[in-house]
file target.csv (CSV, C-alpha atoms and all ligand atoms)
chain,number,residue,atom,x,y,z
A,11,MET,CA,47.8,-14.8,109.4
A,12,LYS,CA,46.9,-11.1,108.9
A,13,ALA,CA,47.4,-10.4,105.2
A,14,ILE,CA,47.5,-12.2,101.8
A,15,LEU,CA,49.0,-10.8,98.7
A,16,PHE,CA,48.3,-12.3,95.3
A,17,ASP,CA,50.0,-12.2,91.9
A,18,LEU,CA,47.4,-11.5,89.1
A,19,ASP,CA,48.1,-13.4,85.9
A,20,GLU,CA,47.8,-17.2,86.1
A,21,THR,CA,47.1,-16.8,89.8
A,22,LEU,CA,43.7,-15.0,90.0
A,23,ILE,CA,43.0,-14.8,86.3
A,24,SER,CA,43.9,-17.1,83.4
A,25,HIS,CA,46.2,-15.1,81.1
A,26,HIS,CA,46.1,-18.1,78.7
A,27,GLU,CA,42.3,-18.2,78.3
A,28,GLN,CA,42.2,-14.4,78.0
A,29,LEU,CA,44.8,-14.4,75.3
A,30,CYS,CA,43.1,-17.2,73.3
A,31,SER,CA,39.8,-15.4,73.3
A,32,PHE,CA,41.4,-12.1,72.3
A,33,ILE,CA,43.4,-13.7,69.4
A,34,GLU,CA,40.2,-15.3,68.1
A,35,TYR,CA,38.4,-11.9,68.3
A,36,GLN,CA,41.2,-10.0,66.6
A,37,TYR,CA,41.5,-12.6,63.8
A,38,SER,CA,37.7,-12.8,63.3
A,39,HIS,CA,37.3,-9.2,62.1
A,40,ASN,CA,40.6,-8.5,60.6
A,41,THR,CA,40.7,-9.5,56.9
A,42,ASP,CA,44.5,-8.9,56.7
A,43,LEU,CA,45.0,-11.7,59.2
A,44,GLN,CA,42.7,-14.1,57.4
A,45,GLU,CA,45.3,-14.7,54.7
A,46,ILE,CA,46.9,-16.9,57.3
A,47,ASP,CA,45.4,-20.1,58.7
A,48,PHE,CA,43.8,-19.3,62.1
A,49,ASN,CA,45.5,-22.1,64.0
A,50,GLU,CA,48.9,-21.2,62.7
A,51,TRP,CA,48.4,-17.6,63.7
A,52,LYS,CA,47.1,-18.5,67.1
A,53,GLU,CA,49.9,-21.1,67.8
A,54,LYS,CA,52.6,-18.6,66.8
A,55,PHE,CA,51.1,-15.8,68.9
A,56,ILE,CA,50.9,-18.0,72.0
A,57,GLU,CA,54.5,-19.2,71.4
A,58,LEU,CA,55.9,-15.6,71.0
A,59,ASP,CA,53.9,-14.3,74.0
A,60,GLU,CA,55.6,-16.8,76.4
A,61,ASN,CA,52.7,-16.8,78.9
A,62,GLY,CA,52.6,-13.0,78.9
A,63,TYR,CA,56.2,-12.4,79.7
A,64,VAL,CA,57.0,-10.8,76.3
A,65,ILE,CA,55.9,-7.2,75.6
A,66,LYS,CA,53.2,-7.2,72.9
A,67,GLU,CA,55.1,-4.6,70.7
A,68,LEU,CA,57.7,-7.3,70.2
A,69,VAL,CA,55.1,-10.1,69.7
A,70,TYR,CA,53.3,-8.2,67.0
A,71,ARG,CA,56.5,-7.0,65.2
A,72,THR,CA,57.8,-10.6,65.2
A,73,ILE,CA,54.6,-12.3,64.1
A,74,ILE,CA,54.0,-9.7,61.3
A,75,SER,CA,57.4,-10.4,59.8
A,76,HIS,CA,57.1,-14.2,60.4
A,77,PHE,CA,54.0,-14.4,58.2
A,78,ASN,CA,55.3,-11.7,55.8
A,79,LEU,CA,52.3,-9.5,56.4
A,80,ASN,CA,52.2,-5.8,55.5
A,81,SER,CA,54.0,-3.9,58.3
A,82,GLU,CA,51.4,-1.2,58.1
A,83,ILE,CA,48.9,-3.3,60.0
A,84,TYR,CA,51.1,-3.2,63.1
A,85,ASP,CA,49.6,0.1,64.5
A,86,SER,CA,46.0,-1.0,64.3
A,87,LEU,CA,46.7,-4.4,65.8
A,88,ILE,CA,48.7,-3.1,68.8
A,89,GLU,CA,46.2,-0.3,69.4
A,90,GLU,CA,43.4,-2.9,69.5
A,91,PHE,CA,45.3,-5.0,71.9
A,92,TYR,CA,45.7,-2.1,74.3
A,93,SER,CA,42.1,-0.9,74.0
A,94,LYS,CA,40.3,-4.3,74.0
A,95,PHE,CA,42.4,-7.0,75.7
A,96,HIS,CA,41.1,-6.3,79.1
A,97,MET,CA,37.5,-7.1,78.0
A,98,PHE,CA,38.4,-10.7,77.6
A,99,VAL,CA,39.8,-11.1,81.1
A,100,LYS,CA,38.9,-14.5,82.6
A,101,PRO,CA,39.1,-15.1,86.4
A,102,PHE,CA,39.8,-18.7,87.4
A,103,LYS,CA,36.7,-20.5,88.6
A,104,GLY,CA,36.1,-19.6,92.3
A,105,SER,CA,38.7,-16.8,92.4
A,106,LEU,CA,36.3,-13.9,93.1
A,107,GLU,CA,34.4,-16.0,95.6
A,108,LEU,CA,37.7,-16.7,97.4
A,109,LEU,CA,38.6,-13.0,97.6
A,110,GLN,CA,35.1,-12.3,98.9
A,111,TYR,CA,35.5,-15.0,101.6
A,112,LEU,CA,38.9,-13.7,102.6
A,113,LYS,CA,37.7,-10.1,102.8
A,114,GLN,CA,34.8,-11.2,105.0
A,115,SER,CA,37.3,-13.0,107.2
A,116,GLN,CA,38.9,-9.5,108.0
A,117,LEU,CA,42.1,-10.3,106.3
A,118,LYS,CA,44.0,-7.5,104.5
A,119,LEU,CA,44.4,-8.3,100.8
A,120,GLY,CA,46.6,-7.1,98.1
A,121,ILE,CA,47.7,-7.6,94.5
A,122,VAL,CA,51.3,-7.3,93.4
A,123,THR,CA,51.7,-7.7,89.7
A,124,ASN,CA,54.5,-7.3,87.1
A,125,GLY,CA,53.4,-5.6,84.0
A,126,GLY,CA,52.3,-2.3,82.3
A,127,THR,CA,50.2,0.1,84.3
A,128,GLU,CA,47.5,0.6,81.7
A,129,ILE,CA,47.0,-3.0,80.7
A,130,GLN,CA,47.0,-4.4,84.3
A,131,SER,CA,44.8,-1.6,85.7
A,132,LYS,CA,42.2,-2.2,83.0
A,133,LYS,CA,42.0,-5.9,83.8
A,134,ILE,CA,41.7,-5.1,87.5
A,135,GLN,CA,38.9,-2.6,86.8
A,136,GLN,CA,37.1,-4.9,84.5
A,137,LEU,CA,36.7,-7.4,87.4
A,138,ASN,CA,36.2,-4.7,90.1
A,139,LEU,CA,39.1,-6.3,92.0
A,140,HIS,CA,39.8,-3.0,93.8
A,141,GLU,CA,36.5,-3.7,95.7
A,142,TYR,CA,38.1,-6.8,97.3
A,143,VAL,CA,41.7,-5.7,98.0
A,144,ASP,CA,43.3,-3.0,100.0
A,145,VAL,CA,46.4,-2.5,98.0
A,146,ILE,CA,47.3,-2.9,94.3
A,147,LEU,CA,50.9,-2.5,93.1
A,148,ILE,CA,51.8,-2.6,89.4
A,149,SER,CA,55.5,-2.9,88.6
A,150,GLU,CA,55.6,-0.2,85.9
A,151,GLN,CA,54.0,2.3,88.2
A,152,GLU,CA,56.2,1.3,91.1
A,153,ASN,CA,59.3,1.4,88.9
A,154,CYS,CA,60.3,-1.8,90.6
A,155,GLU,CA,59.3,-5.4,89.9
A,156,LYS,CA,59.1,-8.8,91.5
A,157,PRO,CA,61.3,-10.5,92.7
A,158,GLU,CA,62.9,-7.2,94.0
A,159,PRO,CA,62.2,-6.9,97.7
A,160,LYS,CA,61.2,-3.3,97.5
A,161,ILE,CA,57.8,-4.0,95.9
A,162,PHE,CA,56.9,-6.6,98.5
A,163,ASN,CA,58.0,-4.4,101.3
A,164,LYS,CA,56.0,-1.5,100.0
A,165,ALA,CA,52.8,-3.7,99.9
A,166,LEU,CA,53.5,-4.9,103.5
A,167,TYR,CA,54.1,-1.3,104.7
A,168,LEU,CA,50.9,-0.1,103.1
A,169,LEU,CA,49.0,-3.0,104.8
A,170,ASP,CA,50.8,-2.3,108.1
A,171,CYS,CA,51.9,-6.0,108.3
A,172,GLU,CA,55.0,-7.8,109.2
A,173,PRO,CA,56.2,-10.4,106.6
A,174,GLU,CA,55.8,-13.3,109.0
A,175,GLU,CA,52.1,-12.4,109.4
A,176,SER,CA,51.5,-12.6,105.7
A,177,TYR,CA,51.3,-14.9,102.7
A,178,PHE,CA,52.2,-14.5,99.0
A,179,VAL,CA,50.3,-16.5,96.4
A,180,GLY,CA,51.7,-16.8,92.9
A,181,ASP,CA,52.5,-19.0,89.9
A,182,ASN,CA,56.1,-17.8,89.2
A,183,ILE,CA,58.7,-19.6,91.3
A,184,ILE,CA,61.2,-16.8,91.0
A,185,ASN,CA,59.2,-13.6,90.8
A,186,ASP,CA,56.6,-14.6,93.3
A,187,ILE,CA,57.9,-17.4,95.6
A,188,LEU,CA,61.6,-16.5,95.8
A,189,GLY,CA,60.8,-12.8,95.9
A,190,ALA,CA,58.4,-13.2,98.8
A,191,LYS,CA,60.6,-15.7,100.7
A,192,ASN,CA,63.5,-13.2,100.5
A,193,VAL,CA,61.5,-10.6,102.5
A,194,GLY,CA,60.3,-13.3,105.0
A,195,MET,CA,56.8,-13.9,103.8
A,196,HIS,CA,55.1,-17.3,103.8
A,197,THR,CA,54.5,-18.6,100.3
A,198,ILE,CA,52.0,-20.6,98.3
A,199,PHE,CA,52.9,-21.7,94.8
A,200,ILE,CA,50.1,-22.1,92.2
A,201,GLU,CA,51.1,-25.0,90.0
A,202,ASN,CA,49.1,-24.9,86.8
A,203,LYS,CA,50.2,-25.8,83.3
A,204,HIS,CA,51.2,-22.2,82.6
A,205,SER,CA,53.1,-21.7,85.8
A,206,PHE,CA,56.7,-20.6,85.6
A,207,ASN,CA,58.7,-23.2,87.5
A,208,LYS,CA,62.4,-23.7,87.0
A,209,ASN,CA,63.0,-27.1,88.5
A,210,ASP,CA,66.7,-26.7,88.6
A,211,MET,CA,66.5,-23.8,91.1
A,212,GLU,CA,66.1,-25.1,94.6
A,213,ILE,CA,63.2,-22.8,95.7
A,214,TYR,CA,60.7,-24.3,98.0
A,215,PRO,CA,57.4,-22.7,98.7
A,216,ASP,CA,55.6,-23.4,102.0
A,217,TYR,CA,52.7,-24.9,100.1
A,218,SER,CA,52.1,-25.9,96.5
A,219,VAL,CA,48.6,-26.2,95.2
A,220,LYS,CA,47.1,-27.2,91.9
A,221,SER,CA,43.7,-25.5,92.1
A,222,LEU,CA,41.9,-22.6,93.8
A,223,GLU,CA,39.9,-25.2,95.8
A,224,GLU,CA,43.2,-26.5,97.2
A,225,LEU,CA,44.3,-23.0,97.9
A,226,THR,CA,41.1,-22.2,99.8
A,227,ASP,CA,41.8,-25.3,102.0
A,228,VAL,CA,45.3,-24.2,102.8
A,229,LEU,CA,44.2,-20.6,103.6
A,230,ARG,CA,41.3,-21.9,105.7
A,231,ASN,CA,43.6,-24.1,107.8
A,232,ASN,CA,45.9,-21.1,108.4
A,233,LEU,CA,43.3,-18.5,109.1
A,234,ASN,CA,43.5,-19.0,112.8
A,235,ASN,CA,47.2,-18.7,113.1
A,236,PHE,CA,47.3,-15.1,114.1
A,237,THR,CA,50.5,-13.6,115.3
A,238,PHE,CA,49.9,-11.6,118.4
A,239,LYS,CA,52.3,-8.7,119.1
A,240,PHE,CA,52.6,-6.8,122.4
B,1,MG,MG,51.7,-14.8,87.3
call {"tool": "encode", "arguments": {"input": "target.csv", "output": "C-alpha cells", "more": "lines below"}}
Ligand SMILES: [Mg+2]
result
Amino acid sequence: MKAILFDLDETLISHHEQLCSFIEYQYSHNTDLQEIDFNEWKEKFIELDENGYVIKELVYRTIISHFNLNSEIYDSLIEEFYSKFHMFVKPFKGSLELLQYLKQSQLKLGIVTNGGTEIQSKKIQQLNLHEYVDVILISEQENCEKPEPKIFNKALYLLDCEPEESYFVGDNIINDILGAKNVGMHTIFIENKHSFNKNDMEIYPDYSVKSLEELTDVLRNNLNNFTFKF
C-alpha cells in the first residue's frame, strides 16, 4: 500500500452532526424561523437535505414554501449557510489522529470529495486537513465528479501511484466504492447510519467497516503490503 484516498462527508467528518448544529444555530437567532416549531423545522431540513446530496438553494426554497414563510428571508438564510456552515464541522472521533498516523507512516494521502468548491474548501481549512494530505480534489473545481474515473485517475497521477497500490475509503457505495473499483483501486466501505448503500446493486468493497477504529485495524494490517516495482 502506497496511498490512501478519502471521501470527506460521512467518512472523515459527520455531515449529519454538522448540519444539526448549524440548523440549531440558525434557528436560535432568527425570529422569522421561530414562528415554526424547532423540531418540525429541523426534521424537514434534514429530510430535504438528503444527507447533503441536495444543493442548499433547493433545500431553502422548498422549506420556505413548505412552511409558508416570507420568501424574502431566503437570501439571508442561504448567505448565512455559505458563510457559517463550515464553523460547525465535526470530524468523526479519531479521524484526525488516523490521518496523523498514516502521514507518519509515510503514506501518500488525499481527499476526493463531491461538492461545491467554496463550501468543501472551507470545511477542509477549518480542520487544517491540508496539513495531513498531499492532494485535495473537489468535484466542482475539477469539473468532474465521483464515480467518474477521471477524478480518481487525476488524484493517483498527482500522487504518482498506481491504482493497485492504493485504497479508497468512502461511505457511498456508488460514488466512492464503484468509482474507485472501476479504476482498479482497493476499496473500504464506511458503513454508518448515513452511508449511501443501495443494496440492490451488486457492488462489493474489499472491506466494510463500521467505525474508524475498525478502519484503523484494516489499514494497519495492510500497511506492510507494499508493491515493489522494478
Ligand atoms: Mg461521503
call {"tool": "closest_residue", "arguments": {"input": "target.csv", "among": "A:Glu82, A:Pro173, A:Asn49, A:Val99", "to": "Lys133 in chain A", "atoms": "only C-alpha atoms"}}
result
A:Val99
call {"tool": "residues_around", "arguments": {"input": "target.csv", "residues": "Glu45 in chain A", "least_positions_apart": "5", "cutoff": "10 Å", "atoms": "all atoms listed in the file", "output": "PyMOL selection string"}}
result
chain A and resi 40+51+77+79
call {"tool": "residues_around", "arguments": {"input": "target.csv", "residues": "range 139-155 of chain A", "least_positions_apart": "2", "cutoff": "10 Å", "atoms": "all atoms listed in the file", "output": "MDAnalysis selection string"}}
result
chainID A and resid 13:18 106 108:114 117:131 133:137 157:162 164:166 168:169 185 189
call {"tool": "write_last_selection", "arguments": {"input": "target.csv", "atoms": "C-alpha atoms", "output": "compact mmCIF listing (two decimals), in the coordinates of the input"}}
result
# COMPACT_ATOMS: atom_id res chain seq x y z
CA ALA A 13 47.40 -10.40 105.20
CA ILE A 14 47.50 -12.20 101.80
CA LEU A 15 49.00 -10.80 98.70
CA PHE A 16 48.30 -12.30 95.30
CA ASP A 17 50.00 -12.20 91.90
CA LEU A 18 47.40 -11.50 89.10
CA LEU A 106 36.30 -13.90 93.10
CA LEU A 108 37.70 -16.70 97.40
CA LEU A 109 38.60 -13.00 97.60
CA GLN A 110 35.10 -12.30 98.90
CA TYR A 111 35.50 -15.00 101.60
CA LEU A 112 38.90 -13.70 102.60
CA LYS A 113 37.70 -10.10 102.80
CA GLN A 114 34.80 -11.20 105.00
CA LEU A 117 42.10 -10.30 106.30
CA LYS A 118 44.00 -7.50 104.50
CA LEU A 119 44.40 -8.30 100.80
CA GLY A 120 46.60 -7.10 98.10
CA ILE A 121 47.70 -7.60 94.50
CA VAL A 122 51.30 -7.30 93.40
CA THR A 123 51.70 -7.70 89.70
CA ASN A 124 54.50 -7.30 87.10
CA GLY A 125 53.40 -5.60 84.00
CA GLY A 126 52.30 -2.30 82.30
CA THR A 127 50.20 0.10 84.30
CA GLU A 128 47.50 0.60 81.70
CA ILE A 129 47.00 -3.00 80.70
CA GLN A 130 47.00 -4.40 84.30
CA SER A 131 44.80 -1.60 85.70
CA LYS A 133 42.00 -5.90 83.80
CA ILE A 134 41.70 -5.10 87.50
CA GLN A 135 38.90 -2.60 86.80
CA GLN A 136 37.10 -4.90 84.50
CA LEU A 137 36.70 -7.40 87.40
CA PRO A 157 61.30 -10.50 92.70
CA GLU A 158 62.90 -7.20 94.00
CA PRO A 159 62.20 -6.90 97.70
CA LYS A 160 61.20 -3.30 97.50
CA ILE A 161 57.80 -4.00 95.90
CA PHE A 162 56.90 -6.60 98.50
CA LYS A 164 56.00 -1.50 100.00
CA ALA A 165 52.80 -3.70 99.90
CA LEU A 166 53.50 -4.90 103.50
CA LEU A 168 50.90 -0.10 103.10
CA LEU A 169 49.00 -3.00 104.80
CA ASN A 185 59.20 -13.60 90.80
CA GLY A 189 60.80 -12.80 95.90
call {"tool": "closest_atom_pairs", "arguments": {"input": "target.csv", "of": "chain A", "to": "ligand MG 1 (chain B)", "cutoff": "12 Å", "atoms": "only C-alpha atoms and all ligand atoms", "output": "CSV"}}
result
residue,atom,partner,partner_atom,distance
A:Phe16,CA,B:MG1,MG,9.0
A:Asp17,CA,B:MG1,MG,5.6
A:Leu18,CA,B:MG1,MG,5.7
A:Asp19,CA,B:MG1,MG,4.1
A:Glu20,CA,B:MG1,MG,4.7
A:Thr21,CA,B:MG1,MG,5.6
A:Leu22,CA,B:MG1,MG,8.4
A:Ile23,CA,B:MG1,MG,8.8
A:Ser24,CA,B:MG1,MG,9.0
A:His25,CA,B:MG1,MG,8.3
A:His26,CA,B:MG1,MG,10.8
A:Glu60,CA,B:MG1,MG,11.7
A:Asn61,CA,B:MG1,MG,8.7
A:Gly62,CA,B:MG1,MG,8.6
A:Tyr63,CA,B:MG1,MG,9.2
A:Ile121,CA,B:MG1,MG,10.9
A:Val122,CA,B:MG1,MG,9.7
A:Thr123,CA,B:MG1,MG,7.5
A:Asn124,CA,B:MG1,MG,8.0
A:Gly125,CA,B:MG1,MG,9.9
A:Gln130,CA,B:MG1,MG,11.8
A:Lys156,CA,B:MG1,MG,10.4
A:Pro157,CA,B:MG1,MG,11.8
A:Phe178,CA,B:MG1,MG,11.7
A:Val179,CA,B:MG1,MG,9.4
A:Gly180,CA,B:MG1,MG,5.9
A:Asp181,CA,B:MG1,MG,5.0
A:Asn182,CA,B:MG1,MG,5.7
A:Ile183,CA,B:MG1,MG,9.4
A:Ile184,CA,B:MG1,MG,10.4
A:Asn185,CA,B:MG1,MG,8.4
A:Asp186,CA,B:MG1,MG,7.7
A:Ile187,CA,B:MG1,MG,10.7
A:Phe199,CA,B:MG1,MG,10.3
A:Ile200,CA,B:MG1,MG,8.9
A:Glu201,CA,B:MG1,MG,10.6
A:Asn202,CA,B:MG1,MG,10.4
A:Lys203,CA,B:MG1,MG,11.8
A:His204,CA,B:MG1,MG,8.8
A:Ser205,CA,B:MG1,MG,7.2
A:Phe206,CA,B:MG1,MG,7.8
A:Asn207,CA,B:MG1,MG,10.9
call {"tool": "residues_around", "arguments": {"input": "target.csv", "residues": "range 192-196 of chain A", "least_positions_apart": "5", "cutoff": "6 Å", "atoms": "all atoms listed in the file", "output": "ChimeraX atom specification"}}
result
/A:173-174,176-177
call {"tool": "residues_around", "arguments": {"input": "target.csv", "residues": "Gln36 in chain A", "least_positions_apart": "4", "cutoff": "9 Å", "atoms": "all atoms listed in the file", "output": "ChimeraX atom specification"}}
result
/A:31-32,40,43,87,90-91
call {"tool": "atom_distance", "arguments": {"input": "target.csv", "atom1": "CA of Glu172 in chain A", "atom2": "CA of Pro215 in chain A"}}
result
18.4 Å
call {"tool": "atom_distance", "arguments": {"input": "target.csv", "atom1": "CA of Thr72 in chain A", "atom2": "CA of Glu89 in chain A"}}
result
16.1 Å
call {"tool": "atom_distance", "arguments": {"input": "target.csv", "atom1": "CA of Gly104 in chain A", "atom2": "CA of Glu224 in chain A"}}
result
11.0 Å
call {"tool": "closest_residue", "arguments": {"input": "target.csv", "among": "A:Ser115, A:Met11, A:Ser105, A:Lys94", "to": "Leu225 in chain A", "atoms": "only C-alpha atoms"}}
result
A:Ser105
call {"tool": "closest_residue", "arguments": {"input": "target.csv", "among": "A:Tyr214, A:Phe55, A:Tyr167, A:Tyr37", "to": "Leu188 in chain A", "atoms": "all atoms listed in the file"}}
result
A:Tyr214
call {"tool": "decode", "arguments": {"input": "target.csv", "residues": "range 74-185 of chain A", "atoms": "C-alpha atoms", "output": "mmCIF file, in the first residue's frame"}}
result
data_model
loop_
_atom_site.group_PDB
_atom_site.id
_atom_site.type_symbol
_atom_site.label_atom_id
_atom_site.label_comp_id
_atom_site.auth_asym_id
_atom_site.auth_seq_id
_atom_site.Cartn_x
_atom_site.Cartn_y
_atom_site.Cartn_z
ATOM 1 C CA ILE A 74 -39.594 28.260 2.946
ATOM 2 C CA SER A 75 -42.552 27.413 0.770
ATOM 3 C CA HIS A 76 -43.390 24.289 2.793
ATOM 4 C CA PHE A 77 -43.819 26.378 5.960
ATOM 5 C CA ASN A 78 -45.362 29.335 4.095
ATOM 6 C CA LEU A 79 -42.633 31.696 5.240
ATOM 7 C CA ASN A 80 -41.941 35.052 3.624
ATOM 8 C CA SER A 81 -39.727 34.320 0.614
ATOM 9 C CA GLU A 82 -37.672 37.427 1.396
ATOM 10 C CA ILE A 83 -35.824 35.542 4.124
ATOM 11 C CA TYR A 84 -34.261 33.226 1.519
ATOM 12 C CA ASP A 85 -31.267 35.473 0.762
ATOM 13 C CA SER A 86 -30.158 35.917 4.350
ATOM 14 C CA LEU A 87 -30.599 32.200 5.188
ATOM 15 C CA ILE A 88 -28.588 30.956 2.221
ATOM 16 C CA GLU A 89 -25.932 33.634 2.720
ATOM 17 C CA GLU A 90 -25.570 32.538 6.327
ATOM 18 C CA PHE A 91 -25.313 28.920 5.288
ATOM 19 C CA TYR A 92 -22.383 29.679 2.969
ATOM 20 C CA SER A 93 -20.612 31.961 5.429
ATOM 21 C CA LYS A 94 -21.057 29.937 8.634
ATOM 22 C CA PHE A 95 -21.732 26.253 7.919
ATOM 23 C CA HIS A 96 -18.035 25.326 7.928
ATOM 24 C CA MET A 97 -17.650 26.597 11.500
ATOM 25 C CA PHE A 98 -19.778 23.682 12.691
ATOM 26 C CA VAL A 99 -17.668 20.983 11.031
ATOM 27 C CA LYS A 100 -17.411 17.804 13.140
ATOM 28 C CA PRO A 101 -14.655 15.281 12.468
ATOM 29 C CA PHE A 102 -15.521 11.741 13.498
ATOM 30 C CA LYS A 103 -13.836 10.686 16.717
ATOM 31 C CA GLY A 104 -10.296 9.593 15.912
ATOM 32 C CA SER A 105 -10.284 10.836 12.338
ATOM 33 C CA LEU A 106 -7.523 13.458 12.695
ATOM 34 C CA GLU A 107 -5.446 11.020 14.757
ATOM 35 C CA LEU A 108 -5.817 8.434 11.998
ATOM 36 C CA LEU A 109 -4.637 10.893 9.328
ATOM 37 C CA GLN A 110 -1.692 11.849 11.518
ATOM 38 C CA TYR A 111 -0.755 8.191 12.000
ATOM 39 C CA LEU A 112 -0.974 7.446 8.270
ATOM 40 C CA LYS A 113 1.086 10.520 7.403
ATOM 41 C CA GLN A 114 3.777 9.447 9.857
ATOM 42 C CA SER A 115 3.717 6.013 8.215
ATOM 43 C CA GLN A 116 4.961 7.709 5.012
ATOM 44 C CA LEU A 117 1.794 7.018 3.071
ATOM 45 C CA LYS A 118 0.586 9.438 0.453
ATOM 46 C CA LEU A 119 -2.831 10.761 1.381
ATOM 47 C CA GLY A 120 -5.598 12.508 -0.483
ATOM 48 C CA ILE A 121 -9.182 13.706 -0.269
ATOM 49 C CA VAL A 122 -11.569 13.381 -3.208
ATOM 50 C CA THR A 123 -14.932 14.950 -2.484
ATOM 51 C CA ASN A 124 -18.063 15.740 -4.479
ATOM 52 C CA GLY A 125 -19.463 19.174 -3.768
ATOM 53 C CA GLY A 126 -19.079 22.923 -4.155
ATOM 54 C CA THR A 127 -15.566 24.334 -4.119
ATOM 55 C CA GLU A 128 -16.266 27.088 -1.590
ATOM 56 C CA ILE A 129 -18.165 25.022 0.957
ATOM 57 C CA GLN A 130 -15.841 21.992 0.813
ATOM 58 C CA SER A 131 -12.652 24.140 0.924
ATOM 59 C CA LYS A 132 -13.881 25.989 3.990
ATOM 60 C CA LYS A 133 -14.560 22.735 5.859
ATOM 61 C CA ILE A 134 -11.097 21.449 4.898
ATOM 62 C CA GLN A 135 -9.440 24.696 6.044
ATOM 63 C CA GLN A 136 -11.409 24.771 9.280
ATOM 64 C CA LEU A 137 -9.851 21.412 10.250
ATOM 65 C CA ASN A 138 -6.442 22.138 8.655
ATOM 66 C CA LEU A 139 -6.806 18.929 6.656
ATOM 67 C CA HIS A 140 -4.380 20.240 4.011
ATOM 68 C CA GLU A 141 -1.628 19.735 6.616
ATOM 69 C CA TYR A 142 -2.234 15.986 6.596
ATOM 70 C CA VAL A 143 -2.927 15.217 2.946
ATOM 71 C CA ASP A 144 -0.940 15.652 -0.275
ATOM 72 C CA VAL A 145 -3.838 16.085 -2.681
ATOM 73 C CA ILE A 146 -7.336 17.576 -2.378
ATOM 74 C CA LEU A 147 -9.753 17.330 -5.289
ATOM 75 C CA ILE A 148 -13.215 18.918 -5.167
ATOM 76 C CA SER A 149 -15.650 17.937 -7.912
ATOM 77 C CA GLU A 150 -16.870 21.435 -8.786
ATOM 78 C CA GLN A 151 -13.316 22.673 -9.208
ATOM 79 C CA GLU A 152 -12.349 19.599 -11.226
ATOM 80 C CA ASN A 153 -15.467 19.821 -13.364
ATOM 81 C CA CYS A 154 -15.855 16.094 -12.879
ATOM 82 C CA GLU A 155 -17.330 14.081 -10.031
ATOM 83 C CA LYS A 156 -17.169 10.644 -8.464
ATOM 84 C CA PRO A 157 -17.921 7.969 -9.672
ATOM 85 C CA GLU A 158 -16.349 9.234 -12.948
ATOM 86 C CA PRO A 159 -12.905 7.612 -13.404
ATOM 87 C CA LYS A 160 -11.255 10.908 -14.360
ATOM 88 C CA ILE A 161 -11.247 12.382 -10.835
ATOM 89 C CA PHE A 162 -9.764 9.185 -9.300
ATOM 90 C CA ASN A 163 -7.148 8.962 -12.033
ATOM 91 C CA LYS A 164 -6.144 12.585 -11.539
ATOM 92 C CA ALA A 165 -5.622 12.006 -7.795
ATOM 93 C CA LEU A 166 -3.498 8.911 -8.498
ATOM 94 C CA TYR A 167 -1.488 10.786 -11.114
ATOM 95 C CA LEU A 168 -0.793 13.661 -8.715
ATOM 96 C CA LEU A 169 0.304 11.178 -6.039
ATOM 97 C CA ASP A 170 2.390 9.262 -8.584
ATOM 98 C CA CYS A 171 0.658 5.995 -7.639
ATOM 99 C CA GLU A 172 -0.749 3.017 -9.468
ATOM 100 C CA PRO A 173 -4.353 2.110 -8.626
ATOM 101 C CA GLU A 174 -3.382 -1.315 -7.287
ATOM 102 C CA GLU A 175 -1.043 0.346 -4.767
ATOM 103 C CA SER A 176 -3.823 2.471 -3.357
ATOM 104 C CA TYR A 177 -7.015 2.367 -1.309
ATOM 105 C CA PHE A 178 -10.157 4.453 -1.453
ATOM 106 C CA VAL A 179 -12.194 4.938 1.729
ATOM 107 C CA GLY A 180 -15.767 6.209 1.477
ATOM 108 C CA ASP A 181 -19.385 5.909 2.582
ATOM 109 C CA ASN A 182 -21.171 5.997 -0.794
ATOM 110 C CA ILE A 183 -21.339 2.599 -2.460
ATOM 111 C CA ILE A 184 -21.661 4.081 -5.948
ATOM 112 C CA ASN A 185 -19.648 7.310 -5.925
#
